[in-house]
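Next comes start-v9.csv, with CSV, C-alpha atoms.
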chain,number,residue,atom,x,y,z
R,1,MET,CA,-10.4,-20.8,4.4
R,2,ALA,CA,-10.7,-21.9,0.8
R,3,MET,CA,-14.3,-23.1,1.3
R,4,LEU,CA,-15.2,-19.7,2.9
R,5,GLN,CA,-13.6,-17.9,0.0
R,6,THR,CA,-15.6,-20.0,-2.5
R,7,VAL,CA,-18.9,-19.3,-0.6
R,8,ASP,CA,-18.1,-15.6,-0.5
R,9,ARG,CA,-17.5,-15.6,-4.3
R,10,ALA,CA,-20.7,-17.5,-4.9
R,11,LEU,CA,-22.7,-15.0,-2.9
R,12,HIS,CA,-21.0,-12.1,-4.6
R,13,LEU,CA,-21.9,-13.7,-7.9
R,14,VAL,CA,-25.6,-14.1,-7.0
R,15,ARG,CA,-25.7,-10.4,-5.9
R,16,LEU,CA,-24.1,-9.4,-9.1
R,17,VAL,CA,-26.6,-11.2,-11.3
R,18,ALA,CA,-29.5,-9.9,-9.1
R,19,SER,CA,-28.4,-6.3,-9.6
R,20,ARG,CA,-27.6,-6.5,-13.3
R,21,GLY,CA,-30.2,-9.0,-14.5
R,22,GLU,CA,-27.6,-10.9,-16.5
R,23,VAL,CA,-23.8,-11.4,-16.6
R,24,THR,CA,-21.3,-13.1,-18.9
R,25,LEU,CA,-18.5,-15.3,-18.0
R,26,THR,CA,-16.0,-12.5,-18.8
R,27,GLU,CA,-17.8,-10.0,-16.6
R,28,VAL,CA,-17.9,-12.5,-13.7
R,29,ALA,CA,-14.2,-13.2,-14.0
R,30,GLY,CA,-13.4,-9.5,-14.0
R,31,SER,CA,-15.7,-8.5,-11.2
R,32,LEU,CA,-14.6,-11.4,-8.9
R,33,GLN,CA,-11.0,-11.1,-10.1
R,34,VAL,CA,-10.8,-14.9,-10.8
R,35,SER,CA,-9.7,-16.9,-13.8
R,36,PRO,CA,-12.2,-17.7,-16.5
R,37,SER,CA,-12.2,-21.4,-15.4
R,38,MET,CA,-13.0,-20.5,-11.8
R,39,ALA,CA,-15.7,-18.1,-13.0
R,40,HIS,CA,-17.2,-20.9,-15.1
R,41,ARG,CA,-17.2,-23.3,-12.1
R,42,LEU,CA,-19.0,-20.8,-9.9
R,43,LEU,CA,-21.5,-20.0,-12.6
R,44,ARG,CA,-22.3,-23.7,-13.2
R,45,THR,CA,-22.5,-24.4,-9.5
R,46,CYS,CA,-25.0,-21.6,-9.0
R,47,ALA,CA,-26.9,-22.7,-12.1
R,48,ASP,CA,-27.1,-26.3,-11.0
R,49,ALA,CA,-28.6,-25.1,-7.6
R,50,GLY,CA,-31.2,-23.1,-9.5
R,51,PHE,CA,-29.9,-19.7,-8.4
R,52,LEU,CA,-28.9,-18.8,-12.0
R,53,ASP,CA,-30.1,-19.8,-15.4
R,54,GLN,CA,-28.5,-19.8,-18.9
R,55,PRO,CA,-31.3,-19.6,-21.4
R,56,LEU,CA,-28.9,-19.9,-24.4
R,57,ARG,CA,-26.0,-22.2,-24.7
R,58,ASN,CA,-22.7,-20.2,-24.2
R,59,GLY,CA,-24.9,-17.2,-23.5
R,60,ALA,CA,-25.3,-14.9,-20.6
R,61,TYR,CA,-26.5,-16.1,-17.2
R,62,THR,CA,-29.7,-14.7,-15.7
R,63,VAL,CA,-31.6,-14.9,-12.4
R,64,GLY,CA,-32.7,-18.5,-11.8
R,65,PRO,CA,-35.9,-20.0,-10.4
R,66,ALA,CA,-34.6,-20.5,-6.9
R,67,LEU,CA,-33.6,-16.9,-6.5
R,68,ARG,CA,-37.0,-15.7,-7.9
R,69,HIS,CA,-38.8,-17.9,-5.4
R,70,ILE,CA,-36.7,-16.5,-2.5
R,71,ALA,CA,-37.5,-13.0,-3.7
R,72,ALA,CA,-41.2,-13.9,-3.9
R,73,ASP,CA,-41.2,-15.3,-0.4
R,74,VAL,CA,-39.7,-12.2,1.0
R,75,ARG,CA,-42.2,-10.0,-0.8
R,76,ARG,CA,-45.1,-12.2,0.5
R,77,GLY,CA,-43.8,-11.9,4.0
R,78,SER,CA,-43.9,-8.2,3.9
R,79,THR,CA,-47.1,-7.7,1.8
R,80,LEU,CA,-49.4,-10.4,3.3
R,81,PRO,CA,-50.1,-8.6,6.5
R,82,THR,CA,-51.2,-5.5,4.6
R,83,LEU,CA,-53.4,-7.6,2.2
R,84,LEU,CA,-54.9,-10.0,4.8
R,85,GLY,CA,-54.6,-8.1,8.1
R,86,GLY,CA,-58.2,-6.8,7.9
R,87,VAL,CA,-59.6,-10.3,7.4
R,88,LEU,CA,-57.4,-11.7,10.2
R,89,ARG,CA,-59.0,-9.2,12.6
R,90,GLN,CA,-62.4,-10.4,11.5
R,91,VAL,CA,-61.3,-14.0,12.3
R,92,ALA,CA,-60.3,-13.0,15.8
R,93,GLU,CA,-63.5,-11.0,16.3
R,94,GLY,CA,-65.8,-13.7,14.8
R,95,LEU,CA,-64.3,-16.7,16.5
R,96,LEU,CA,-63.2,-14.9,19.7
R,97,GLU,CA,-59.9,-16.8,19.5
R,98,THR,CA,-56.3,-15.7,18.9
R,99,THR,CA,-55.5,-16.1,15.2
R,100,SER,CA,-52.2,-15.8,13.3
R,101,LEU,CA,-50.9,-15.6,9.8
R,102,ALA,CA,-47.7,-17.7,9.1
R,103,VAL,CA,-45.4,-18.2,6.2
R,104,LEU,CA,-43.1,-21.1,5.5
R,105,GLU,CA,-39.3,-20.6,5.7
R,106,GLY,CA,-37.4,-23.8,4.8
R,107,ARG,CA,-38.4,-26.2,7.6
R,108,ASN,CA,-39.7,-23.5,9.9
R,109,ILE,CA,-42.7,-21.2,9.9
R,110,ARG,CA,-42.6,-17.5,10.8
R,111,PHE,CA,-45.6,-15.8,12.3
R,112,VAL,CA,-46.0,-12.5,10.4
R,113,LEU,CA,-49.1,-11.2,12.1
R,114,THR,CA,-51.3,-12.1,15.1
R,115,GLU,CA,-54.6,-10.8,16.4
R,116,GLU,CA,-55.6,-11.8,19.9
R,117,GLY,CA,-59.1,-13.1,20.6
R,118,THR,CA,-61.5,-11.7,23.1
R,119,HIS,CA,-62.6,-15.0,24.7
R,120,LEU,CA,-62.5,-14.9,28.5
R,121,VAL,CA,-59.9,-17.8,28.4
R,122,ARG,CA,-57.6,-17.3,25.4
R,123,ILE,CA,-54.1,-17.8,24.2
R,124,ALA,CA,-51.8,-14.8,24.0
R,125,ARG,CA,-49.6,-14.1,21.0
R,126,PRO,CA,-47.2,-16.9,19.8
R,127,VAL,CA,-44.3,-17.2,22.2
R,128,ARG,CA,-41.8,-18.1,19.4
R,129,THR,CA,-41.8,-16.1,16.2
R,130,VAL,CA,-40.0,-18.9,14.3
R,131,THR,CA,-41.1,-22.5,15.0
R,132,PRO,CA,-40.3,-25.9,13.4
R,133,ALA,CA,-43.0,-26.4,10.8
R,134,HIS,CA,-43.6,-30.1,11.6
R,135,ALA,CA,-44.6,-29.3,15.2
R,136,THR,CA,-47.3,-26.7,14.3
R,137,ALA,CA,-50.7,-26.8,12.6
R,138,ALA,CA,-49.7,-23.8,10.4
R,139,GLY,CA,-46.5,-25.6,9.3
R,140,ARG,CA,-48.3,-28.8,8.4
R,141,ALA,CA,-50.9,-26.9,6.5
R,142,LEU,CA,-48.1,-25.3,4.4
R,143,LEU,CA,-46.0,-28.4,4.1
R,144,ALA,CA,-49.1,-30.2,2.7
R,145,GLY,CA,-49.1,-27.8,-0.2
R,146,LEU,CA,-45.6,-28.9,-1.4
R,147,THR,CA,-45.0,-31.6,-3.9
R,148,ASP,CA,-43.7,-34.9,-2.5
R,149,ASP,CA,-40.3,-34.2,-4.1
R,150,ASP,CA,-40.0,-30.8,-2.6
R,151,LEU,CA,-41.1,-32.1,0.8
R,152,GLU,CA,-38.5,-34.9,0.8
R,153,ALA,CA,-35.8,-32.5,-0.4
R,154,ARG,CA,-36.4,-30.2,2.6
R,155,TYR,CA,-36.3,-33.0,5.1
R,156,GLN,CA,-33.7,-35.2,3.5
R,157,LYS,CA,-31.4,-36.4,6.3
R,158,ALA,CA,-32.9,-33.8,8.7
R,159,THR,CA,-33.5,-34.5,12.3
R,160,LEU,CA,-37.0,-33.4,13.4
R,161,GLU,CA,-36.6,-31.2,16.4
R,162,THR,CA,-38.5,-32.2,19.6
R,163,VAL,CA,-40.3,-29.1,20.7
R,164,GLN,CA,-42.5,-30.9,23.2
R,165,PRO,CA,-42.6,-34.6,24.2
R,166,GLY,CA,-45.5,-35.3,21.9
R,167,THR,CA,-44.0,-33.7,18.8
R,168,ILE,CA,-43.8,-35.7,15.6
R,169,GLN,CA,-40.3,-37.2,15.6
R,170,ASP,CA,-39.9,-39.3,12.5
R,171,TRP,CA,-40.3,-38.9,8.8
R,172,ALA,CA,-42.8,-41.6,8.3
R,173,GLN,CA,-45.1,-40.1,11.0
R,174,LEU,CA,-44.8,-36.7,9.4
R,175,LYS,CA,-45.7,-38.0,5.9
R,176,ALA,CA,-48.8,-39.8,7.3
R,177,GLU,CA,-49.9,-36.6,9.1
R,178,ILE,CA,-49.4,-34.5,5.9
R,179,LYS,CA,-51.5,-37.0,4.0
R,180,LYS,CA,-54.4,-36.4,6.4
R,181,VAL,CA,-54.0,-32.6,6.0
R,182,ARG,CA,-54.2,-32.9,2.2
R,183,ASN,CA,-57.4,-35.0,2.5
R,184,ARG,CA,-59.3,-32.6,4.7
R,185,ASP,CA,-57.5,-29.3,3.8
R,186,TRP,CA,-56.8,-28.3,7.4
R,187,ALA,CA,-54.2,-29.3,10.1
R,188,ILE,CA,-54.3,-29.6,13.8
R,189,GLN,CA,-51.9,-30.0,16.7
R,190,VAL,CA,-52.5,-30.5,20.4
R,191,GLY,CA,-49.7,-29.7,22.8
R,192,GLU,CA,-46.9,-30.3,20.3
R,193,ALA,CA,-45.7,-26.7,20.1
R,194,GLN,CA,-46.7,-25.5,23.6
R,195,PRO,CA,-48.1,-27.4,26.6
R,196,GLY,CA,-51.8,-27.0,27.1
R,197,VAL,CA,-52.3,-25.3,23.7
R,198,ALA,CA,-54.0,-26.6,20.6
R,199,ALA,CA,-54.2,-25.0,17.1
R,200,LEU,CA,-56.1,-25.6,13.9
R,201,ALA,CA,-54.8,-24.1,10.6
R,202,MET,CA,-55.8,-23.8,7.0
R,203,PRO,CA,-53.6,-22.9,4.0
R,204,VAL,CA,-54.3,-19.7,2.1
R,205,ARG,CA,-53.7,-20.0,-1.6
R,206,ASP,CA,-53.0,-17.4,-4.2
R,207,GLY,CA,-54.6,-17.0,-7.6
R,208,SER,CA,-52.3,-19.8,-9.0
R,209,GLY,CA,-53.3,-22.3,-6.3
R,210,GLN,CA,-50.0,-22.1,-4.4
R,211,SER,CA,-50.2,-22.1,-0.6
R,212,VAL,CA,-48.5,-18.8,0.4
R,213,ALA,CA,-49.6,-18.6,4.0
R,214,ALA,CA,-51.6,-20.4,6.7
R,215,VAL,CA,-54.2,-19.0,9.1
R,216,THR,CA,-54.0,-20.5,12.6
R,217,VAL,CA,-56.5,-20.4,15.3
R,218,THR,CA,-54.9,-21.1,18.7
R,219,VAL,CA,-57.0,-22.2,21.7
R,220,PRO,CA,-56.6,-23.9,25.1
R,221,TYR,CA,-56.4,-27.6,24.3
R,222,LEU,CA,-59.7,-28.5,26.0
R,223,ARG,CA,-61.6,-26.6,23.3
R,224,LEU,CA,-60.1,-28.9,20.6
R,225,SER,CA,-60.2,-32.2,22.6
R,226,ARG,CA,-62.8,-33.8,20.4
R,227,SER,CA,-62.9,-34.5,16.6
R,228,GLU,CA,-66.2,-32.6,16.3
R,229,ASP,CA,-64.6,-29.6,18.0
R,230,ALA,CA,-61.9,-29.5,15.2
R,231,ARG,CA,-64.4,-30.0,12.4
R,232,SER,CA,-66.7,-27.3,13.8
R,233,LEU,CA,-63.8,-24.8,14.0
R,234,ALA,CA,-62.7,-25.7,10.5
R,235,ARG,CA,-66.2,-25.0,9.2
R,236,ARG,CA,-66.3,-21.6,10.9
R,237,LEU,CA,-62.8,-20.7,9.7
R,238,ARG,CA,-63.4,-21.6,6.0
R,239,PRO,CA,-65.4,-18.5,5.0
R,240,PHE,CA,-62.6,-16.2,6.3
R,241,VAL,CA,-59.9,-18.2,4.4
R,242,ASP,CA,-62.1,-18.0,1.2
R,243,GLN,CA,-62.2,-14.2,1.7
R,244,MET,CA,-58.4,-14.1,2.0
R,245,GLU,CA,-57.9,-16.1,-1.1
R,246,ARG,CA,-60.3,-13.8,-3.1
R,247,ARG,CA,-58.2,-10.8,-2.0
R,248,LEU,CA,-55.0,-12.5,-3.1
R,249,ALA,CA,-56.5,-13.4,-6.5
R,250,LEU,CA,-57.6,-9.8,-7.0
R,251,SER,CA,-54.2,-8.5,-6.0
R,252,SER,CA,-52.3,-10.7,-8.4
R,253,ALA,CA,-54.7,-9.8,-11.2
R,254,ARG,CA,-53.9,-6.1,-11.0
Re-express the file's structure as structure tokens.
Amino acid sequence: MAMLQTVDRALHLVRLVASRGEVTLTEVAGSLQVSPSMAHRLLRTCADAGFLDQPLRNGAYTVGPALRHIAADVRRGSTLPTLLGGVLRQVAEGLLETTSLAVLEGRNIRFVLTEEGTHLVRIARPVRTVTPAHATAAGRALLAGLTDDDLEARYQKATLETVQPGTIQDWAQLKAEIKKVRNRDWAIQVGEAQPGVAALAMPVRDGSGQSVAAVTVTVPYLRLSRSEDARSLARRLRPFVDQMERRLALSSAR
């Protein structure tokens, strides 16, 4: 019960700072109806986790980098389909294959938009809206954009979920796969997220070079059974990704 109460107070504190922009220790103690020492512990805990910041020693607390990153991720998830939806349709029409836009959420990816291809034999929309990142091409493309420290922090002591029998199951194997993705700038998976289905994905970067989404082309696995198949698809996908990145750069410059 005490633990739940502490968590509730911390969440209340984060909401308080997010709504006001900054708070003092006295304001927190009054709003949460706790002692100054308890208010100080809550503030320091949230600051240590990056949710709050204290620019000046003994000064007010403001929104921290972790909270800003969460807010940015939420905004991207809602604005990316609007910004990039037109190009995604062009991908589906140009390649005749089902294509999706995905964003990273912790150790998972979320498909935020999908356009089905027109190929006679094609893959329908993704079965699972949220899927473990390590088991998908889109997830690996996005994980490759993280720093090694961020990557290890996300997967520290985590068990990699087995989505299908061939899914990557250990940390060393995942690191090796991500190294390949970084070298070629695209990711691939065959049958690891869904039987008989393969996918190739590329990261989409904003004007600052940060990977904010991934474009995935999903096909029956026989169409990506050879290395040359994957390289050819990557070459055909690249111009569309470049177009998406130009749109993101223009949007951030406004």
R:Gln164, R:Gln189, R:Gln194, R:Asn183 ranked by distance to Gly139 (chain R), top pick (using all atoms listed in the file):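 Between R:Gln164, R:Gln189, R:Gln194, R:Asn183, the residue approaching Gly139 (chain R) most closely is R:Gln189.
With only C-alpha atoms as the atoms that count, the residue of R:Ile188, R:Ala92, R:Leu248, R:Ala102 with the shortest distance to Ser208 (chain R) is R:Leu248.
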Selected residue of minimal separation from Thr118 (chain R) among R:Leu101, R:Ala176, R:Val91, R:Leu83, counting all atoms listed in the file: R:Val91
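From CA of Val130 (chain R) back to CA of Val7 (chain R), the distance works out to 25.8 Å.
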Best match for closeness to Pro203 (chain R) among R:Trp171, R:Tyr221, R:Phe240, R:Tyr61, counting only C-alpha atoms: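 Closest to Pro203 (chain R) of all the choices is R:Phe240.
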Polymer residues at most 6 Å from (-35.9, -17.6, -14.1) by all atoms listed in the file, as a PyMOL selection string: chain R and resi 63-65
Point-to-point distance from CA of Ala158 (chain R) to CA of Arg107 (chain R), Å rounded to tenths: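 Here the two named atoms are 9.4 Å from each other.
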Residue neighbourhood Asn108 (chain R), 12 Å, all atoms listed in the file, exclusion window fewer than 5 positions, as a PyMOL selection string: chain R and resi 102-103+128-140+142-143+154-155+160-161
Atomic distance CA of Ala214 (chain R) - CA of Glu152 (chain R), expressed in Å with one decimal: 20.4 Å
With a cut-off of 10 Å, could you pull out the residues of region 82-193 of chain R touching region 229-234 of chain R and give me the nearest pair of atoms for each, distance in Å to one decimal, using all atoms listed in the file, ordered by chain and ascending number, as a tab-separated table?
residue	atom	partner	partner_atom	distance
R:Leu95	CA	R:Leu233	CA	8.5
R:Arg184	CA	R:Arg231	CA	9.6
R:Asp185	CA	R:Ala234	CA	9.2
R:Trp186	CA	R:Ala234	CA	7.2
R:Ala187	CA	R:Ala230	CA	9.2
R:Ile188	CA	R:Ala230	CA	7.7
Top pick for closest residue to Thr147 (chain R), considering R:Leu11, R:Leu96, R:Ile178, R:Val34 and counting only C-alpha atoms: R:Ile178
Minimum-distance residue to Ala249 (chain R), chosen among R:Leu84, R:Val112, R:Val219, R:Leu151 (using all atoms listed in the file):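 Of all the options, R:Leu84 lies closest to Ala249 (chain R).
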Contact residues around Pro36 (chain R) with only C-alpha atoms at 12 Å, ignoring same-chain residues under 6 positions, as a VMD selection string: chain R and resid 24 to 30 42 to 43
Nearby residues (only C-alpha atoms) at most 9 Å from Arg89 (chain R), same-chain spacing under 3 positions excluded, as a list of chain:residue names: R:Leu84, R:Gly85, R:Gly86, R:Ala92, R:Glu93, R:Gly94, R:Thr99, R:Thr114, R:Glu115, R:Glu116, R:Gly117
